[in-house]
>>> print(open('work11.cif').read())   # mmCIF, C-alpha atoms
data_structure
#
loop_
_atom_site.group_PDB
_atom_site.id
_atom_site.type_symbol
_atom_site.label_atom_id
_atom_site.label_comp_id
_atom_site.auth_asym_id
_atom_site.auth_seq_id
_atom_site.Cartn_x
_atom_site.Cartn_y
_atom_site.Cartn_z
ATOM 1 C CA MET A 1 26.105 24.214 39.399
ATOM 2 C CA LYS A 2 26.963 27.930 39.136
ATOM 3 C CA ILE A 3 29.537 27.246 36.415
ATOM 4 C CA HIS A 4 26.925 25.352 34.385
ATOM 5 C CA SER A 5 24.472 28.254 34.736
ATOM 6 C CA LEU A 6 27.115 30.785 33.721
ATOM 7 C CA GLU A 7 28.037 28.744 30.641
ATOM 8 C CA LYS A 8 24.375 28.479 29.652
ATOM 9 C CA TRP A 9 23.865 32.216 30.151
ATOM 10 C CA GLU A 10 26.900 32.917 27.940
ATOM 11 C CA ARG A 11 25.522 30.624 25.223
ATOM 12 C CA CYS A 12 22.125 32.361 25.437
ATOM 13 C CA GLU A 13 23.836 35.756 25.150
ATOM 14 C CA LEU A 14 25.762 34.552 22.104
ATOM 15 C CA ALA A 15 22.514 33.219 20.639
ATOM 16 C CA ALA A 16 20.910 36.648 21.075
ATOM 17 C CA GLN A 17 23.866 38.321 19.343
ATOM 18 C CA LEU A 18 23.703 35.861 16.445
ATOM 19 C CA ILE A 19 19.932 36.183 16.101
ATOM 20 C CA ARG A 20 20.202 39.976 16.236
ATOM 21 C CA ARG A 21 22.481 39.670 13.191
ATOM 22 C CA ARG A 22 19.870 37.455 11.453
ATOM 23 C CA LEU A 23 21.483 34.021 11.713
ATOM 24 C CA ARG A 24 18.737 31.442 11.170
ATOM 25 C CA THR A 25 17.629 29.647 14.329
ATOM 26 C CA PHE A 26 18.588 26.141 13.185
ATOM 27 C CA HIS A 27 22.148 27.349 12.580
ATOM 28 C CA VAL A 28 22.208 28.917 16.062
ATOM 29 C CA LYS A 29 21.098 25.540 17.417
ATOM 30 C CA ASP A 30 23.873 23.759 15.492
ATOM 31 C CA LEU A 31 26.480 26.260 16.633
ATOM 32 C CA LEU A 32 25.588 26.594 20.328
ATOM 33 C CA ASN A 33 23.747 23.356 21.106
ATOM 34 C CA LEU A 34 20.796 25.072 22.787
ATOM 35 C CA PRO A 35 17.266 23.629 22.781
ATOM 36 C CA GLU A 36 15.076 24.805 19.894
ATOM 37 C CA ALA A 37 12.444 26.182 22.288
ATOM 38 C CA GLU A 38 14.994 28.442 23.986
ATOM 39 C CA ILE A 39 16.329 29.700 20.683
ATOM 40 C CA ARG A 40 12.814 30.494 19.447
ATOM 41 C CA GLU A 41 12.109 32.362 22.706
ATOM 42 C CA ILE A 42 15.313 34.370 22.316
ATOM 43 C CA HIS A 43 14.268 35.174 18.744
ATOM 44 C CA ARG A 44 10.900 36.448 19.987
ATOM 45 C CA MET A 45 12.644 38.601 22.605
ATOM 46 C CA VAL A 46 15.083 40.070 20.066
ATOM 47 C CA HIS A 47 12.765 40.607 17.093
ATOM 48 C CA GLY A 48 9.312 40.647 18.692
ATOM 49 C CA SER A 49 8.048 37.782 16.532
ATOM 50 C CA SER A 50 8.549 34.088 15.953
ATOM 51 C CA PRO A 51 11.225 33.011 13.492
ATOM 52 C CA SER A 52 9.989 32.643 9.932
ATOM 53 C CA PRO A 53 9.761 29.141 8.532
ATOM 54 C CA GLY A 54 12.121 28.037 5.830
ATOM 55 C CA GLY A 55 14.575 25.366 4.920
ATOM 56 C CA ARG A 56 18.314 25.396 4.905
ATOM 57 C CA ARG A 57 20.024 27.126 2.016
ATOM 58 C CA SER A 58 23.117 26.088 0.152
ATOM 59 C CA SER A 59 26.199 28.281 -0.099
ATOM 60 C CA LEU A 60 25.546 28.315 -3.859
ATOM 61 C CA TYR A 61 22.584 30.572 -3.064
ATOM 62 C CA CYS A 62 24.887 33.406 -2.001
ATOM 63 C CA CYS A 63 27.579 32.956 -4.697
ATOM 64 C CA ARG A 64 25.602 33.815 -7.804
ATOM 65 C CA THR A 65 27.829 36.504 -9.331
ATOM 66 C CA ARG A 66 31.509 37.313 -9.494
ATOM 67 C CA TRP A 67 30.868 40.307 -7.215
ATOM 68 C CA ASP A 68 29.256 37.988 -4.635
ATOM 69 C CA GLN A 69 32.288 35.707 -4.793
ATOM 70 C CA GLN A 70 34.651 38.630 -4.210
ATOM 71 C CA ARG A 71 32.731 39.865 -1.168
ATOM 72 C CA LEU A 72 32.493 36.371 0.286
ATOM 73 C CA SER A 73 36.224 35.872 -0.248
ATOM 74 C CA LEU A 74 36.853 39.091 1.650
ATOM 75 C CA PHE A 75 34.669 37.837 4.498
ATOM 76 C CA VAL A 76 36.547 34.520 4.650
ATOM 77 C CA LEU A 77 39.862 36.388 4.777
ATOM 78 C CA LEU A 78 38.553 38.560 7.623
ATOM 79 C CA TYR A 79 37.304 35.483 9.493
ATOM 80 C CA ARG A 80 40.725 33.884 9.168
ATOM 81 C CA GLU A 81 42.450 37.091 10.260
ATOM 82 C CA VAL A 82 40.205 37.526 13.317
ATOM 83 C CA GLY A 83 40.262 33.841 14.274
ATOM 84 C CA GLY A 84 43.856 33.004 13.449
ATOM 85 C CA THR A 85 45.441 31.058 10.629
ATOM 86 C CA ASN A 86 43.932 27.704 11.671
ATOM 87 C CA SER A 87 40.404 29.062 12.193
ATOM 88 C CA LEU A 88 39.150 27.662 8.893
ATOM 89 C CA ARG A 89 40.154 24.130 9.909
ATOM 90 C CA LYS A 90 38.317 24.274 13.243
ATOM 91 C CA PRO A 91 34.585 24.245 13.966
ATOM 92 C CA ILE A 92 33.009 27.669 13.531
ATOM 93 C CA ASP A 93 33.609 29.876 16.548
ATOM 94 C CA SER A 94 30.577 32.054 17.302
ATOM 95 C CA ARG A 95 32.581 35.004 18.670
ATOM 96 C CA THR A 96 34.931 34.975 15.688
ATOM 97 C CA LEU A 97 31.909 34.779 13.382
ATOM 98 C CA ILE A 98 30.290 37.806 15.053
ATOM 99 C CA ASN A 99 33.491 39.883 15.161
ATOM 100 C CA SER A 100 34.494 39.136 11.579
ATOM 101 C CA PHE A 101 30.986 39.778 10.232
ATOM 102 C CA ASP A 102 30.780 43.100 12.099
ATOM 103 C CA LEU A 103 34.177 44.083 10.696
ATOM 104 C CA PHE A 104 33.059 43.011 7.236
ATOM 105 C CA GLN A 105 29.922 45.166 7.500
ATOM 106 C CA ASP A 106 32.080 48.134 8.507
ATOM 107 C CA ILE A 107 34.065 47.663 5.292
ATOM 108 C CA CYS A 108 31.064 46.753 3.092
ATOM 109 C CA PRO A 109 27.971 48.419 4.603
ATOM 110 C CA ASN A 110 25.598 46.761 2.116
ATOM 111 C CA PRO A 111 27.196 43.363 1.513
ATOM 112 C CA GLY A 112 24.275 41.656 -0.234
ATOM 113 C CA PHE A 113 24.423 38.645 2.070
ATOM 114 C CA ASP A 114 23.695 38.035 5.714
ATOM 115 C CA LEU A 115 25.205 36.148 8.621
ATOM 116 C CA THR A 116 23.406 32.963 7.563
ATOM 117 C CA ASP A 117 25.161 33.093 4.192
ATOM 118 C CA ALA A 118 28.483 33.690 5.939
ATOM 119 C CA TRP A 119 27.859 30.722 8.238
ATOM 120 C CA LEU A 120 26.982 28.515 5.262
ATOM 121 C CA LEU A 121 30.153 29.476 3.477
ATOM 122 C CA LEU A 122 32.320 28.661 6.493
ATOM 123 C CA SER A 123 30.531 25.411 7.265
ATOM 124 C CA GLU A 124 30.968 23.880 3.809
#
>>> encode(input="work11.cif", output="structure tokens")
Amino acid sequence: MKIHSLEKWERCELAAQLIRRRLRTFHVKDLLNLPEAEIREIHRMVHGSSPSPGGRRSSLYCCRTRWDQQRLSLFVLLYREVGGTNSLRKPIDSRTLINSFDLFQDICPNPGFDLTDAWLLLSE
């Protein structure tokens, strides 16, 4: 029972980290398999408001210009470097996603896309 509680706490902590970086709640749900109500509550705790409504975007939304494509390519390379050479063939790892996006933001402070766009790119 304690192991189950610890695993759930870790998933909730990861959810808070992802939400803090603006990953949409339905992607957090897909990634961590937490109930929608819990994810919405975590969002309210992190941002002080309920998540905004909106549908899922396509990765085409974030690849409109050549400059966008270059920055997204850099992010994918960082994700692969942080997660290992086979990371792009595996399901998205939330810790690798967080670490690579933070590293990417250190390199490109104003990237023009958010963690949701990064998740979309990796998931397609």
>>> closest_residue(input="work11.cif", among="A:Asp114, A:Cys12, A:Leu6, A:Phe101", to="Glu36 (chain A)", atoms="only C-alpha atoms")
A:Cys12
>>> atom_distance(input="work11.cif", atom1="CA of Leu88 (chain A)", atom2="CA of Ile39 (chain A)")
25.8 Å
>>> atom_distance(input="work11.cif", atom1="CA of Phe75 (chain A)", atom2="CA of Phe104 (chain A)")
6.1 Å
>>> closest_residue(input="work11.cif", among="A:His47, A:Lys29, A:Arg80, A:Arg66", to="Leu14 (chain A)", atoms="all atoms listed in the file")
A:Lys29
>>> closest_residue(input="work11.cif", among="A:Leu120, A:Val46, A:Val28, A:Leu103", to="Tyr79 (chain A)", atoms="all atoms listed in the file")
A:Leu103
